[in-house]
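Raw upload-v4.csv, CSV, N, CA and C atoms:
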chain,number,residue,atom,x,y,z
A,297,MET,N,15.4,3.4,-47.2
A,297,MET,CA,14.9,3.3,-45.9
A,297,MET,C,13.7,2.3,-45.9
A,298,ALA,N,13.6,1.6,-44.7
A,298,ALA,CA,12.6,0.6,-44.6
A,298,ALA,C,11.6,0.9,-43.5
A,299,LEU,N,10.4,0.6,-43.7
A,299,LEU,CA,9.4,0.8,-42.7
A,299,LEU,C,9.6,-0.3,-41.7
A,300,GLU,N,9.8,0.1,-40.4
A,300,GLU,CA,10.1,-0.9,-39.3
A,300,GLU,C,9.2,-0.6,-38.1
A,301,ARG,N,9.2,-1.5,-37.2
A,301,ARG,CA,8.6,-1.4,-35.9
A,301,ARG,C,9.7,-1.6,-34.9
A,302,THR,N,9.6,-0.9,-33.8
A,302,THR,CA,10.5,-1.1,-32.6
A,302,THR,C,9.7,-1.0,-31.4
A,303,LEU,N,10.2,-1.6,-30.3
A,303,LEU,CA,9.6,-1.5,-29.0
A,303,LEU,C,10.2,-0.4,-28.3
A,304,ALA,N,9.4,0.5,-27.7
A,304,ALA,CA,9.9,1.6,-26.8
A,304,ALA,C,9.3,1.3,-25.5
A,305,ILE,N,10.2,1.5,-24.5
A,305,ILE,CA,9.7,1.5,-23.1
A,305,ILE,C,10.0,2.8,-22.4
A,306,VAL,N,9.0,3.3,-21.7
A,306,VAL,CA,9.2,4.4,-20.8
A,306,VAL,C,9.3,3.7,-19.4
A,307,LYS,N,10.5,3.7,-18.9
A,307,LYS,CA,10.8,2.9,-17.7
A,307,LYS,C,10.2,3.5,-16.4
A,308,PRO,N,10.1,2.7,-15.3
A,308,PRO,CA,9.5,3.1,-14.1
A,308,PRO,C,9.9,4.5,-13.6
A,309,ASP,N,11.2,4.8,-13.7
A,309,ASP,CA,11.7,6.1,-13.2
A,309,ASP,C,11.1,7.3,-14.0
A,310,ALA,N,10.9,7.1,-15.3
A,310,ALA,CA,10.4,8.1,-16.2
A,310,ALA,C,8.9,8.2,-16.1
A,311,VAL,N,8.2,7.1,-15.9
A,311,VAL,CA,6.8,7.1,-15.7
A,311,VAL,C,6.4,7.8,-14.4
A,312,ALA,N,7.2,7.5,-13.3
A,312,ALA,CA,7.0,8.2,-12.0
A,312,ALA,C,7.2,9.7,-12.1
A,313,ARG,N,8.1,10.1,-13.0
A,313,ARG,CA,8.3,11.6,-13.2
A,313,ARG,C,7.4,12.2,-14.2
A,314,GLY,N,6.5,11.5,-14.8
A,314,GLY,CA,5.5,12.0,-15.7
A,314,GLY,C,6.1,12.5,-17.1
A,315,VAL,N,7.0,11.8,-17.7
A,315,VAL,CA,7.6,12.2,-19.0
A,315,VAL,C,7.1,11.4,-20.2
A,316,LEU,N,6.1,10.6,-20.0
A,316,LEU,CA,5.6,9.8,-21.1
A,316,LEU,C,5.2,10.7,-22.3
A,317,GLY,N,4.6,11.8,-22.1
A,317,GLY,CA,4.2,12.7,-23.2
A,317,GLY,C,5.4,13.2,-23.9
A,318,GLU,N,6.5,13.5,-23.2
A,318,GLU,CA,7.7,14.0,-23.9
A,318,GLU,C,8.2,12.9,-24.9
A,319,ALA,N,8.1,11.7,-24.5
A,319,ALA,CA,8.6,10.6,-25.4
A,319,ALA,C,7.7,10.5,-26.6
A,320,ILE,N,6.4,10.5,-26.4
A,320,ILE,CA,5.5,10.4,-27.5
A,320,ILE,C,5.7,11.6,-28.5
A,321,VAL,N,5.8,12.8,-28.0
A,321,VAL,CA,6.0,14.0,-28.8
A,321,VAL,C,7.3,13.8,-29.6
A,322,ALA,N,8.4,13.4,-28.9
A,322,ALA,CA,9.7,13.3,-29.6
A,322,ALA,C,9.5,12.2,-30.8
A,323,ALA,N,8.9,11.1,-30.5
A,323,ALA,CA,8.7,10.1,-31.5
A,323,ALA,C,7.9,10.6,-32.7
A,324,GLU,N,6.8,11.2,-32.4
A,324,GLU,CA,6.0,11.7,-33.5
A,324,GLU,C,6.7,12.8,-34.3
A,325,ARG,N,7.4,13.7,-33.7
A,325,ARG,CA,8.1,14.7,-34.4
A,325,ARG,C,9.2,14.1,-35.3
A,326,ALA,N,9.7,13.0,-34.9
A,326,ALA,CA,10.7,12.3,-35.7
A,326,ALA,C,10.1,11.4,-36.8
A,327,GLY,N,8.8,11.4,-36.9
A,327,GLY,CA,8.1,10.7,-38.0
A,327,GLY,C,7.7,9.3,-37.6
A,328,LEU,N,7.8,9.0,-36.3
A,328,LEU,CA,7.3,7.7,-35.9
A,328,LEU,C,5.9,7.7,-35.4
A,329,ARG,N,5.2,6.6,-35.6
A,329,ARG,CA,3.7,6.5,-35.2
A,329,ARG,C,3.6,5.5,-34.2
A,330,VAL,N,2.8,5.8,-33.1
A,330,VAL,CA,2.5,4.8,-32.1
A,330,VAL,C,1.4,3.9,-32.6
A,331,VAL,N,1.7,2.6,-32.7
A,331,VAL,CA,0.7,1.7,-33.3
A,331,VAL,C,0.1,0.8,-32.2
A,332,ALA,N,0.7,0.8,-31.0
A,332,ALA,CA,0.2,0.1,-29.8
A,332,ALA,C,0.9,0.7,-28.6
A,333,ILE,N,0.1,0.7,-27.5
A,333,ILE,CA,0.6,1.3,-26.3
A,333,ILE,C,-0.1,0.7,-25.1
A,334,ARG,N,0.6,0.4,-24.0
A,334,ARG,CA,0.0,-0.1,-22.8
A,334,ARG,C,0.8,0.2,-21.6
A,335,ARG,N,0.2,0.3,-20.5
A,335,ARG,CA,0.8,0.6,-19.2
A,335,ARG,C,0.8,-0.7,-18.5
A,336,LEU,N,1.9,-1.1,-17.9
A,336,LEU,CA,2.0,-2.4,-17.1
A,336,LEU,C,3.0,-2.3,-16.0
A,337,HIS,N,2.7,-3.0,-15.0
A,337,HIS,CA,3.7,-3.1,-13.9
A,337,HIS,C,4.2,-4.6,-13.9
A,338,MET,N,5.4,-4.7,-14.5
A,338,MET,CA,6.0,-6.0,-14.7
A,338,MET,C,6.3,-6.6,-13.3
A,339,THR,N,6.1,-7.9,-13.3
A,339,THR,CA,6.6,-8.7,-12.1
A,339,THR,C,8.1,-8.9,-12.3
A,340,LYS,N,8.8,-9.3,-11.3
A,340,LYS,CA,10.2,-9.6,-11.4
A,340,LYS,C,10.4,-10.7,-12.4
A,341,ARG,N,9.5,-11.7,-12.4
A,341,ARG,CA,9.7,-12.8,-13.4
A,341,ARG,C,9.5,-12.3,-14.8
A,342,GLN,N,8.5,-11.4,-15.1
A,342,GLN,CA,8.3,-10.9,-16.4
A,342,GLN,C,9.6,-10.1,-16.8
A,343,ALA,N,10.1,-9.3,-15.9
A,343,ALA,CA,11.3,-8.6,-16.3
A,343,ALA,C,12.5,-9.5,-16.6
A,344,GLU,N,12.6,-10.6,-15.8
A,344,GLU,CA,13.7,-11.5,-16.0
A,344,GLU,C,13.5,-12.2,-17.4
A,345,GLY,N,12.3,-12.5,-17.8
A,345,GLY,CA,12.0,-13.1,-19.1
A,345,GLY,C,12.4,-12.1,-20.3
A,346,PHE,N,12.0,-10.8,-20.1
A,346,PHE,CA,12.2,-9.8,-21.1
A,346,PHE,C,13.7,-9.6,-21.3
A,347,TYR,N,14.5,-9.5,-20.2
A,347,TYR,CA,15.9,-9.3,-20.2
A,347,TYR,C,16.8,-10.5,-20.1
A,348,ALA,N,16.2,-11.7,-20.5
A,348,ALA,CA,16.9,-13.0,-20.4
A,348,ALA,C,18.3,-13.0,-21.0
A,349,VAL,N,18.4,-12.2,-22.1
A,349,VAL,CA,19.7,-12.1,-22.9
A,349,VAL,C,20.8,-11.6,-22.0
A,350,HIS,N,20.5,-10.9,-20.9
A,350,HIS,CA,21.4,-10.4,-20.0
A,350,HIS,C,21.6,-11.2,-18.7
A,351,ARG,N,21.0,-12.4,-18.6
A,351,ARG,CA,21.0,-13.2,-17.4
A,351,ARG,C,22.3,-13.3,-16.8
A,352,GLU,N,23.4,-13.5,-17.5
A,352,GLU,CA,24.7,-13.8,-17.0
A,352,GLU,C,25.5,-12.5,-16.7
A,353,ARG,N,24.9,-11.4,-17.0
A,353,ARG,CA,25.6,-10.1,-16.7
A,353,ARG,C,25.5,-9.7,-15.3
A,354,PRO,N,26.5,-9.0,-14.7
A,354,PRO,CA,26.4,-8.6,-13.3
A,354,PRO,C,25.3,-7.7,-12.9
A,355,PHE,N,24.7,-6.9,-13.9
A,355,PHE,CA,23.7,-6.0,-13.6
A,355,PHE,C,22.3,-6.6,-13.7
A,356,PHE,N,22.2,-7.8,-14.0
A,356,PHE,CA,20.9,-8.5,-14.3
A,356,PHE,C,19.9,-8.3,-13.2
A,357,ASP,N,20.3,-8.7,-12.0
A,357,ASP,CA,19.4,-8.6,-10.8
A,357,ASP,C,18.9,-7.2,-10.5
A,358,ALA,N,19.9,-6.2,-10.6
A,358,ALA,CA,19.5,-4.8,-10.3
A,358,ALA,C,18.6,-4.3,-11.4
A,359,LEU,N,18.8,-4.7,-12.7
A,359,LEU,CA,18.0,-4.2,-13.8
A,359,LEU,C,16.6,-4.8,-13.7
A,360,THR,N,16.4,-6.1,-13.4
A,360,THR,CA,15.1,-6.7,-13.3
A,360,THR,C,14.3,-6.2,-12.1
A,361,SER,N,15.1,-5.9,-11.0
A,361,SER,CA,14.4,-5.3,-9.8
A,361,SER,C,13.9,-3.9,-10.1
A,362,PHE,N,14.7,-3.1,-10.8
A,362,PHE,CA,14.3,-1.8,-11.2
A,362,PHE,C,13.1,-1.8,-12.1
A,363,MET,N,13.1,-2.7,-13.1
A,363,MET,CA,12.0,-2.7,-14.1
A,363,MET,C,10.7,-3.2,-13.5
A,364,SER,N,10.8,-3.9,-12.3
A,364,SER,CA,9.6,-4.4,-11.6
A,364,SER,C,9.2,-3.5,-10.4
A,365,GLU,N,9.9,-2.4,-10.2
A,365,GLU,CA,9.5,-1.6,-9.0
A,365,GLU,C,8.3,-0.7,-9.2
A,366,GLY,N,7.9,-0.5,-10.4
A,366,GLY,CA,6.8,0.4,-10.7
A,366,GLY,C,6.3,0.2,-12.1
A,367,PRO,N,5.2,0.9,-12.5
A,367,PRO,CA,4.7,0.8,-13.8
A,367,PRO,C,5.6,1.4,-14.9
A,368,SER,N,5.6,0.7,-16.0
A,368,SER,CA,6.2,1.2,-17.3
A,368,SER,C,5.1,1.4,-18.3
A,369,VAL,N,5.5,2.1,-19.4
A,369,VAL,CA,4.6,2.2,-20.5
A,369,VAL,C,5.4,1.6,-21.7
A,370,VAL,N,4.8,0.7,-22.4
A,370,VAL,CA,5.5,0.0,-23.5
A,370,VAL,C,4.7,0.5,-24.8
A,371,MET,N,5.4,0.7,-25.8
A,371,MET,CA,4.8,1.2,-27.1
A,371,MET,C,5.5,0.5,-28.3
A,372,VAL,N,4.7,0.3,-29.3
A,372,VAL,CA,5.2,-0.2,-30.6
A,372,VAL,C,5.2,1.1,-31.5
A,373,LEU,N,6.4,1.5,-31.9
A,373,LEU,CA,6.6,2.6,-32.8
A,373,LEU,C,6.9,2.1,-34.2
A,374,GLU,N,6.3,2.8,-35.2
A,374,GLU,CA,6.5,2.4,-36.6
A,374,GLU,C,6.9,3.6,-37.4
A,375,GLY,N,7.8,3.3,-38.3
A,375,GLY,CA,8.2,4.4,-39.3
A,375,GLY,C,9.4,4.0,-40.0
A,376,GLU,N,9.9,4.9,-40.9
A,376,GLU,CA,11.1,4.6,-41.7
A,376,GLU,C,12.2,4.5,-40.7
A,377,ASP,N,13.0,3.4,-40.8
A,377,ASP,CA,14.1,3.1,-39.9
A,377,ASP,C,13.8,3.4,-38.5
A,378,ALA,N,12.7,2.9,-38.0
A,378,ALA,CA,12.2,3.2,-36.6
A,378,ALA,C,13.2,2.8,-35.6
A,379,ILE,N,13.9,1.7,-35.7
A,379,ILE,CA,14.8,1.3,-34.7
A,379,ILE,C,15.9,2.3,-34.5
A,380,ALA,N,16.6,2.7,-35.6
A,380,ALA,CA,17.7,3.7,-35.5
A,380,ALA,C,17.1,5.1,-35.1
A,381,THR,N,16.0,5.4,-35.6
A,381,THR,CA,15.4,6.7,-35.3
A,381,THR,C,15.1,6.8,-33.8
A,382,TRP,N,14.5,5.8,-33.2
A,382,TRP,CA,14.2,5.8,-31.8
A,382,TRP,C,15.4,5.8,-30.9
A,383,ARG,N,16.4,5.0,-31.3
A,383,ARG,CA,17.7,5.0,-30.6
A,383,ARG,C,18.4,6.3,-30.7
A,384,ARG,N,18.3,7.0,-31.8
A,384,ARG,CA,19.0,8.3,-31.9
A,384,ARG,C,18.3,9.3,-31.0
A,385,LEU,N,17.0,9.2,-30.9
A,385,LEU,CA,16.2,10.1,-30.0
A,385,LEU,C,16.6,9.8,-28.5
A,386,LEU,N,16.8,8.5,-28.2
A,386,LEU,CA,17.2,8.2,-26.8
A,386,LEU,C,18.5,8.7,-26.4
A,387,GLY,N,19.5,8.5,-27.3
A,387,GLY,CA,20.9,8.9,-26.9
A,387,GLY,C,21.6,7.7,-26.3
A,388,ALA,N,22.8,7.9,-25.8
A,388,ALA,CA,23.6,6.8,-25.2
A,388,ALA,C,22.9,6.3,-24.0
A,389,THR,N,23.2,5.0,-23.7
A,389,THR,CA,22.6,4.3,-22.6
A,389,THR,C,22.9,5.0,-21.3
A,390,ASN,N,24.2,5.6,-21.2
A,390,ASN,CA,24.6,6.3,-20.0
A,390,ASN,C,24.2,7.8,-20.2
A,391,PRO,N,23.2,8.3,-19.5
A,391,PRO,CA,22.8,9.7,-19.7
A,391,PRO,C,24.0,10.8,-19.7
A,392,VAL,N,25.0,10.5,-18.9
A,392,VAL,CA,26.2,11.4,-18.9
A,392,VAL,C,26.9,11.5,-20.2
A,393,GLU,N,26.8,10.4,-21.0
A,393,GLU,CA,27.5,10.3,-22.3
A,393,GLU,C,26.5,10.7,-23.5
A,394,ALA,N,25.2,10.9,-23.2
A,394,ALA,CA,24.2,11.1,-24.2
A,394,ALA,C,24.4,12.6,-24.7
A,395,GLU,N,24.0,12.7,-26.0
A,395,GLU,CA,24.1,14.1,-26.6
A,395,GLU,C,23.0,14.9,-26.0
A,396,GLU,N,23.3,16.2,-25.9
A,396,GLU,CA,22.3,17.2,-25.5
A,396,GLU,C,21.0,17.1,-26.2
A,397,GLY,N,19.9,17.2,-25.6
A,397,GLY,CA,18.6,17.2,-26.2
A,397,GLY,C,18.0,15.8,-26.3
A,398,THR,N,18.8,14.7,-26.2
A,398,THR,CA,18.2,13.4,-26.3
A,398,THR,C,17.4,13.1,-25.0
A,399,LEU,N,16.5,12.1,-25.2
A,399,LEU,CA,15.6,11.8,-24.1
A,399,LEU,C,16.4,11.3,-22.8
A,400,ARG,N,17.4,10.5,-23.0
A,400,ARG,CA,18.1,10.0,-21.8
A,400,ARG,C,19.0,11.2,-21.2
A,401,LYS,N,19.5,12.1,-22.0
A,401,LYS,CA,20.2,13.2,-21.4
A,401,LYS,C,19.3,14.1,-20.6
A,402,ARG,N,18.1,14.3,-21.1
A,402,ARG,CA,17.1,15.1,-20.5
A,402,ARG,C,16.4,14.5,-19.2
A,403,PHE,N,16.2,13.2,-19.3
A,403,PHE,CA,15.4,12.5,-18.2
A,403,PHE,C,16.1,11.4,-17.5
A,404,GLY,N,17.2,10.8,-18.0
A,404,GLY,CA,17.9,9.8,-17.3
A,404,GLY,C,18.7,10.3,-16.2
A,405,THR,N,18.8,9.6,-15.1
A,405,THR,CA,19.6,10.1,-13.9
A,405,THR,C,20.9,9.3,-13.7
A,406,SER,N,20.9,8.1,-14.3
A,406,SER,CA,22.2,7.3,-14.2
A,406,SER,C,22.1,6.2,-15.3
A,407,ILE,N,23.2,5.4,-15.5
A,407,ILE,CA,23.2,4.4,-16.4
A,407,ILE,C,22.1,3.3,-16.0
A,408,GLU,N,21.9,3.1,-14.7
A,408,GLU,CA,20.9,2.2,-14.3
A,408,GLU,C,19.5,2.7,-14.4
A,409,ARG,N,19.3,4.0,-14.3
A,409,ARG,CA,18.0,4.6,-14.4
A,409,ARG,C,18.0,5.6,-15.5
A,410,ASN,N,18.0,5.0,-16.7
A,410,ASN,CA,18.2,5.8,-17.9
A,410,ASN,C,16.9,6.1,-18.6
A,411,ALA,N,15.8,5.8,-18.0
A,411,ALA,CA,14.4,6.3,-18.3
A,411,ALA,C,13.8,5.6,-19.5
A,412,PHE,N,14.5,5.1,-20.5
A,412,PHE,CA,13.9,4.5,-21.7
A,412,PHE,C,14.6,3.3,-22.2
A,413,HIS,N,13.9,2.6,-23.0
A,413,HIS,CA,14.5,1.4,-23.7
A,413,HIS,C,14.1,1.5,-25.2
A,414,GLY,N,14.9,1.0,-26.0
A,414,GLY,CA,14.6,0.8,-27.4
A,414,GLY,C,15.3,-0.4,-28.0
A,415,SER,N,14.5,-1.1,-28.8
A,415,SER,CA,15.1,-2.3,-29.5
A,415,SER,C,16.3,-2.0,-30.2
A,416,ASP,N,17.3,-2.9,-30.3
A,416,ASP,CA,18.5,-2.6,-31.0
A,416,ASP,C,18.7,-3.3,-32.4
A,417,ALA,N,17.7,-4.1,-32.8
A,417,ALA,CA,17.8,-4.8,-34.1
A,417,ALA,C,16.4,-5.3,-34.5
A,418,PRO,N,16.2,-5.6,-35.7
A,418,PRO,CA,14.9,-6.1,-36.1
A,418,PRO,C,14.5,-7.4,-35.4
A,419,GLU,N,15.4,-8.3,-35.2
A,419,GLU,CA,15.1,-9.5,-34.5
A,419,GLU,C,14.8,-9.3,-33.1
A,420,THR,N,15.5,-8.4,-32.4
A,420,THR,CA,15.2,-8.0,-31.1
A,420,THR,C,13.9,-7.4,-31.0
A,421,ALA,N,13.6,-6.5,-31.9
A,421,ALA,CA,12.3,-5.8,-31.9
A,421,ALA,C,11.1,-6.8,-32.0
A,422,ALA,N,11.3,-7.8,-32.9
A,422,ALA,CA,10.2,-8.8,-33.1
A,422,ALA,C,10.0,-9.6,-31.8
A,423,PHE,N,11.1,-10.0,-31.1
A,423,PHE,CA,10.9,-10.7,-29.8
A,423,PHE,C,10.3,-9.8,-28.8
A,424,GLU,N,10.8,-8.6,-28.6
A,424,GLU,CA,10.3,-7.7,-27.6
A,424,GLU,C,8.8,-7.3,-27.8
A,425,ILE,N,8.5,-7.0,-29.0
A,425,ILE,CA,7.1,-6.7,-29.3
A,425,ILE,C,6.1,-7.8,-29.0
A,426,GLY,N,6.6,-9.0,-29.4
A,426,GLY,CA,5.8,-10.2,-29.1
A,426,GLY,C,5.7,-10.5,-27.6
A,427,TYR,N,6.7,-10.2,-26.9
A,427,TYR,CA,6.8,-10.4,-25.4
A,427,TYR,C,5.8,-9.4,-24.7
A,428,MET,N,5.8,-8.2,-25.1
A,428,MET,CA,5.0,-7.2,-24.4
A,428,MET,C,3.6,-7.1,-25.0
A,429,PHE,N,3.4,-7.6,-26.2
A,429,PHE,CA,2.0,-7.5,-26.8
A,429,PHE,C,1.6,-8.9,-27.3
A,430,PRO,N,1.6,-9.9,-26.4
A,430,PRO,CA,1.3,-11.2,-26.9
A,430,PRO,C,-0.1,-11.3,-27.6
A,431,GLY,N,-0.1,-11.9,-28.7
A,431,GLY,CA,-1.4,-12.1,-29.4
A,431,GLY,C,-2.0,-10.9,-30.1
A,432,LEU,N,-1.3,-9.8,-30.0
A,432,LEU,CA,-1.8,-8.6,-30.7
A,432,LEU,C,-1.5,-8.6,-32.2
A,433,ASP,N,-2.5,-8.4,-33.0
A,433,ASP,CA,-2.3,-8.4,-34.4
A,433,ASP,C,-2.1,-7.0,-34.8
A,434,LEU,N,-0.8,-6.7,-35.2
A,434,LEU,CA,-0.4,-5.4,-35.6
A,434,LEU,C,-0.4,-5.2,-37.1
A,435,ALA,N,-1.0,-6.1,-37.9
A,435,ALA,CA,-1.0,-6.1,-39.4
A,435,ALA,C,-1.5,-4.8,-39.9

This entry written out as structure tokens:
Amino acid sequence: MALERTLAIVKPDAVARGVLGEAIVAAERAGLRVVAIRRLHMTKRQAEGFYAVHRERPFFDALTSFMSEGPSVVMVLEGEDAIATWRRLLGATNPVEAEEGTLRKRFGTSIERNAFHGSDAPETAAFEIGYMFPGLDLA
């Protein structure tokens, strides 16, 4: 197992419903440590930059509009196999398909409003962490 960092986002729908604490508790119980955290209200342009990899997908405009409709909380989580661990805690992207007890099953309301984000690979995590925490030294 490797010590990794991943970006976790508590999306606007979950922030509005007050479930940030649930996400932090789940992460810590799974052995992940919060090494950076901030609350931000992304502009549409910031959301478009963050999700640029999806620019040609049909859901891009709806996704970036949703992500800029209210504040999110972004976190850097660190731990053994942090990427896979956080994604396992999240469950499937579509809450209907997510396993019982996962964060998306518990708090997501649809595939579009699935409450959380997690990096899917080390390269993605490096980009996402740098995007959300520019200039932050996490050494």

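The space separating atom CA of Thr381 of chain A from atom C of Gly397 of chain A comes to 13.1 Å.
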
Give me the residues of segment 357-420 of chain A that have any atom at most 6.5 Å from an atom of segment 305-322 of chain A; for each, the nearest atom pair and the distance in Å, rounded to one decimal. Use all atoms listed in the file, sort by chain and number, and format it as JSON lines.
{"residue": "A:Phe362", "atom": "C", "partner": "A:Pro308", "partner_atom": "N", "distance": 6.3}
{"residue": "A:Met363", "atom": "CA", "partner": "A:Pro308", "partner_atom": "N", "distance": 5.8}
{"residue": "A:Glu365", "atom": "C", "partner": "A:Pro308", "partner_atom": "CA", "distance": 6.3}
{"residue": "A:Gly366", "atom": "C", "partner": "A:Pro308", "partner_atom": "CA", "distance": 4.8}
{"residue": "A:Pro367", "atom": "C", "partner": "A:Pro308", "partner_atom": "CA", "distance": 4.3}
{"residue": "A:Ser368", "atom": "CA", "partner": "A:Val306", "partner_atom": "C", "distance": 4.5}
{"residue": "A:Val369", "atom": "C", "partner": "A:Val306", "partner_atom": "N", "distance": 4.0}
{"residue": "A:Val370", "atom": "CA", "partner": "A:Ile305", "partner_atom": "CA", "distance": 4.5}
{"residue": "A:Met371", "atom": "N", "partner": "A:Ile305", "partner_atom": "N", "distance": 5.0}
{"residue": "A:Ala411", "atom": "C", "partner": "A:Lys307", "partner_atom": "N", "distance": 3.9}
{"residue": "A:Phe412", "atom": "CA", "partner": "A:Ile305", "partner_atom": "C", "distance": 4.3}
{"residue": "A:His413", "atom": "N", "partner": "A:Ile305", "partner_atom": "C", "distance": 4.0}
{"residue": "A:Gly414", "atom": "N", "partner": "A:Ile305", "partner_atom": "N", "distance": 5.0}

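Atom N of Ala326 of chain A to atom CA of Ser364 of chain A spans 29.1 Å [interatomic distance, one decimal].
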
> Smallest atom-to-atom distance to Arg301 of chain A: which of A:Arg351, A:Pro418, A:Arg334, A:Arg402, using only C-alpha atoms?
Replying inline: A:Pro418

>> Could you list, as an MDAnalysis selection string, every residue within 8 Å of Asp377 of chain A, counting only N, CA and C atoms and ignoring same-chain residues fewer than 5 positions away?
In response: chainID A and resid 297:302 382:383

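Proximity to Ala332 of chain A was assessed for A:Leu359, A:Ala348, A:Val372, A:Glu396 counting only C-alpha atoms; the smallest distance is recorded for A:Val372.
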
> What are the DSSP strand (DSSP E) residues of segment 305-372 of chain A, as an MDAnalysis selection string?
Replying inline: chainID A and resid 305:306 329:336 368:372

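Comparing A:Ala388, A:Ala422, A:Leu434, A:Val349 by their smallest distance to Arg400 of chain A, the closest is A:Ala388 (using only C-alpha atoms).
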
How would segment 367-383 of chain A look with N, CA, C and O atoms restored, written as a PDB file, in the coordinates of the input?
ATOM      1  N   PRO A 367       5.200   0.900 -12.500  1.00  0.00           N
ATOM      2  CA  PRO A 367       4.700   0.800 -13.800  1.00  0.00           C
ATOM      3  C   PRO A 367       5.600   1.400 -14.900  1.00  0.00           C
ATOM      4  O   PRO A 367       6.322   2.321 -14.646  1.00  0.00           O
ATOM      5  N   SER A 368       5.600   0.700 -16.000  1.00  0.00           N
ATOM      6  CA  SER A 368       6.200   1.200 -17.300  1.00  0.00           C
ATOM      7  C   SER A 368       5.100   1.400 -18.300  1.00  0.00           C
ATOM      8  O   SER A 368       4.025   0.920 -18.170  1.00  0.00           O
ATOM      9  N   VAL A 369       5.500   2.100 -19.400  1.00  0.00           N
ATOM     10  CA  VAL A 369       4.600   2.200 -20.500  1.00  0.00           C
ATOM     11  C   VAL A 369       5.400   1.600 -21.700  1.00  0.00           C
ATOM     12  O   VAL A 369       6.550   2.053 -21.954  1.00  0.00           O
ATOM     13  N   VAL A 370       4.800   0.700 -22.400  1.00  0.00           N
ATOM     14  CA  VAL A 370       5.500   0.000 -23.500  1.00  0.00           C
ATOM     15  C   VAL A 370       4.700   0.500 -24.800  1.00  0.00           C
ATOM     16  O   VAL A 370       3.461   0.562 -24.774  1.00  0.00           O
ATOM     17  N   MET A 371       5.400   0.700 -25.800  1.00  0.00           N
ATOM     18  CA  MET A 371       4.800   1.200 -27.100  1.00  0.00           C
ATOM     19  C   MET A 371       5.500   0.500 -28.300  1.00  0.00           C
ATOM     20  O   MET A 371       6.673   0.167 -28.227  1.00  0.00           O
ATOM     21  N   VAL A 372       4.700   0.300 -29.300  1.00  0.00           N
ATOM     22  CA  VAL A 372       5.200  -0.200 -30.600  1.00  0.00           C
ATOM     23  C   VAL A 372       5.200   1.100 -31.500  1.00  0.00           C
ATOM     24  O   VAL A 372       4.193   1.716 -31.654  1.00  0.00           O
ATOM     25  N   LEU A 373       6.400   1.500 -31.900  1.00  0.00           N
ATOM     26  CA  LEU A 373       6.600   2.600 -32.800  1.00  0.00           C
ATOM     27  C   LEU A 373       6.900   2.100 -34.200  1.00  0.00           C
ATOM     28  O   LEU A 373       7.597   1.143 -34.377  1.00  0.00           O
ATOM     29  N   GLU A 374       6.300   2.800 -35.200  1.00  0.00           N
ATOM     30  CA  GLU A 374       6.500   2.400 -36.600  1.00  0.00           C
ATOM     31  C   GLU A 374       6.900   3.600 -37.400  1.00  0.00           C
ATOM     32  O   GLU A 374       6.396   4.693 -37.170  1.00  0.00           O
ATOM     33  N   GLY A 375       7.800   3.300 -38.300  1.00  0.00           N
ATOM     34  CA  GLY A 375       8.200   4.400 -39.300  1.00  0.00           C
ATOM     35  C   GLY A 375       9.400   4.000 -40.000  1.00  0.00           C
ATOM     36  O   GLY A 375       9.921   2.871 -39.872  1.00  0.00           O
ATOM     37  N   GLU A 376       9.900   4.900 -40.900  1.00  0.00           N
ATOM     38  CA  GLU A 376      11.100   4.600 -41.700  1.00  0.00           C
ATOM     39  C   GLU A 376      12.200   4.500 -40.700  1.00  0.00           C
ATOM     40  O   GLU A 376      12.460   5.378 -39.879  1.00  0.00           O
ATOM     41  N   ASP A 377      13.000   3.400 -40.800  1.00  0.00           N
ATOM     42  CA  ASP A 377      14.100   3.100 -39.900  1.00  0.00           C
ATOM     43  C   ASP A 377      13.800   3.400 -38.500  1.00  0.00           C
ATOM     44  O   ASP A 377      14.543   4.098 -37.752  1.00  0.00           O
ATOM     45  N   ALA A 378      12.700   2.900 -38.000  1.00  0.00           N
ATOM     46  CA  ALA A 378      12.200   3.200 -36.600  1.00  0.00           C
ATOM     47  C   ALA A 378      13.200   2.800 -35.600  1.00  0.00           C
ATOM     48  O   ALA A 378      13.321   3.548 -34.582  1.00  0.00           O
ATOM     49  N   ILE A 379      13.900   1.700 -35.700  1.00  0.00           N
ATOM     50  CA  ILE A 379      14.800   1.300 -34.700  1.00  0.00           C
ATOM     51  C   ILE A 379      15.900   2.300 -34.500  1.00  0.00           C
ATOM     52  O   ILE A 379      16.186   2.816 -33.419  1.00  0.00           O
ATOM     53  N   ALA A 380      16.600   2.700 -35.600  1.00  0.00           N
ATOM     54  CA  ALA A 380      17.700   3.700 -35.500  1.00  0.00           C
ATOM     55  C   ALA A 380      17.100   5.100 -35.100  1.00  0.00           C
ATOM     56  O   ALA A 380      17.796   5.782 -34.353  1.00  0.00           O
ATOM     57  N   THR A 381      16.000   5.400 -35.600  1.00  0.00           N
ATOM     58  CA  THR A 381      15.400   6.700 -35.300  1.00  0.00           C
ATOM     59  C   THR A 381      15.100   6.800 -33.800  1.00  0.00           C
ATOM     60  O   THR A 381      15.517   7.818 -33.145  1.00  0.00           O
ATOM     61  N   TRP A 382      14.500   5.800 -33.200  1.00  0.00           N
ATOM     62  CA  TRP A 382      14.200   5.800 -31.800  1.00  0.00           C
ATOM     63  C   TRP A 382      15.400   5.800 -30.900  1.00  0.00           C
ATOM     64  O   TRP A 382      15.574   6.602 -29.993  1.00  0.00           O
ATOM     65  N   ARG A 383      16.400   5.000 -31.300  1.00  0.00           N
ATOM     66  CA  ARG A 383      17.700   5.000 -30.600  1.00  0.00           C
ATOM     67  C   ARG A 383      18.400   6.300 -30.700  1.00  0.00           C
ATOM     68  O   ARG A 383      19.047   6.709 -29.685  1.00  0.00           O
TER      69      ARG A 383
END
